[in-house]
Amino acid sequence: MTEKTKIKVIRRIETTVETTVEIIEDNDLVIPEEIKGYDYPMMMTLCPRCAHEYYDLDDHIIKRVNPYQLYKDTCNKCGVRTGWDYFIYSKSEDEDYDD
Ligand SMILES: [Zn+2]
């Protein structure tokens, strides 16, 4: 490989990496910050039934890690069914927030 070709290859890789990062940011795949009044999220794989328990809780926020996730995993809660990866935010106990 000539020096010129090498440089071209490296440029091509750099462009690909940049494009990938942009796609990730567009798809909200970045690790989220804590939401005001909530702790830094923990990641869990949840089946629809177990995920629903969090949706019903007032002091929790639940968000899909990757809406484009293709393969389901075993649920971390029941260990029986399969589901998607979620970020679970639980309300911070340190401070009081009035909304
Ligand atoms: Zn489950």
# chains A, B, ... in the order shown; residues from 1 in each chain; ligands from 1
>>> residues_near_ligand(ligand="ligand 1", cutoff="8 Å", atoms="only C-alpha atoms and all ligand atoms", output="short mmCIF file (atom, residue, chain, number, x, y, z; two decimals) with N, CA and C atoms, in the first residue's frame")
data_model
loop_
_atom_site.label_atom_id
_atom_site.label_comp_id
_atom_site.auth_asym_id
_atom_site.auth_seq_id
_atom_site.Cartn_x
_atom_site.Cartn_y
_atom_site.Cartn_z
N LEU A 46 -35.92 -5.84 30.49
CA LEU A 46 -37.25 -6.11 31.04
C LEU A 46 -38.20 -6.62 29.97
N CYS A 47 -38.96 -7.63 30.34
CA CYS A 47 -40.02 -8.11 29.46
C CYS A 47 -41.17 -7.12 29.54
N PRO A 48 -42.10 -7.15 28.61
CA PRO A 48 -43.20 -6.16 28.63
C PRO A 48 -43.95 -6.13 29.96
N ARG A 49 -44.18 -7.29 30.57
CA ARG A 49 -44.94 -7.31 31.81
C ARG A 49 -44.19 -6.62 32.95
N CYS A 50 -42.90 -6.93 33.10
CA CYS A 50 -42.11 -6.30 34.17
C CYS A 50 -41.89 -4.81 33.87
N ALA A 51 -41.73 -4.46 32.60
CA ALA A 51 -41.55 -3.06 32.23
C ALA A 51 -42.78 -2.26 32.62
N THR A 74 -33.01 -12.05 28.09
CA THR A 74 -33.79 -12.54 29.21
C THR A 74 -34.05 -11.41 30.20
N CYS A 75 -35.25 -11.34 30.67
CA CYS A 75 -35.66 -10.29 31.61
C CYS A 75 -34.86 -10.41 32.91
N ASN A 76 -34.35 -9.26 33.41
CA ASN A 76 -33.55 -9.25 34.64
C ASN A 76 -34.43 -9.40 35.88
N LYS A 77 -35.73 -9.18 35.74
CA LYS A 77 -36.61 -9.19 36.90
C LYS A 77 -37.21 -10.58 37.12
N CYS A 78 -37.89 -11.10 36.13
CA CYS A 78 -38.54 -12.40 36.30
C CYS A 78 -37.63 -13.54 35.82
N GLY A 79 -36.72 -13.23 34.92
CA GLY A 79 -35.80 -14.24 34.42
C GLY A 79 -36.46 -15.30 33.56
N VAL A 80 -37.70 -15.08 33.21
CA VAL A 80 -38.45 -16.08 32.45
C VAL A 80 -38.69 -15.62 31.02
N ARG A 81 -39.32 -14.43 30.93
CA ARG A 81 -39.65 -13.92 29.60
C ARG A 81 -38.47 -13.13 29.04
N THR A 82 -38.58 -12.73 27.79
CA THR A 82 -37.53 -11.93 27.15
C THR A 82 -38.05 -10.53 26.88
N GLY A 83 -37.13 -9.59 26.81
CA GLY A 83 -37.55 -8.21 26.56
C GLY A 83 -36.39 -7.34 26.13
#
>>> residues_around(residues="His60 of chain A", least_positions_apart="2", cutoff="6 Å", atoms="only C-alpha atoms", output="VMD selection string")
chain A and resid 57 to 58 89 to 90
>>> closest_residue(among="A:Arg12, A:Tyr38, A:Ser92, A:Pro32", to="Arg64 of chain A", atoms="only C-alpha atoms")
A:Pro32
>>> select_by_dssp(residues="segment 21-92 of chain A", states="alpha helix (DSSP H)", output="PyMOL selection string")
chain A and resi 21-26+48-55
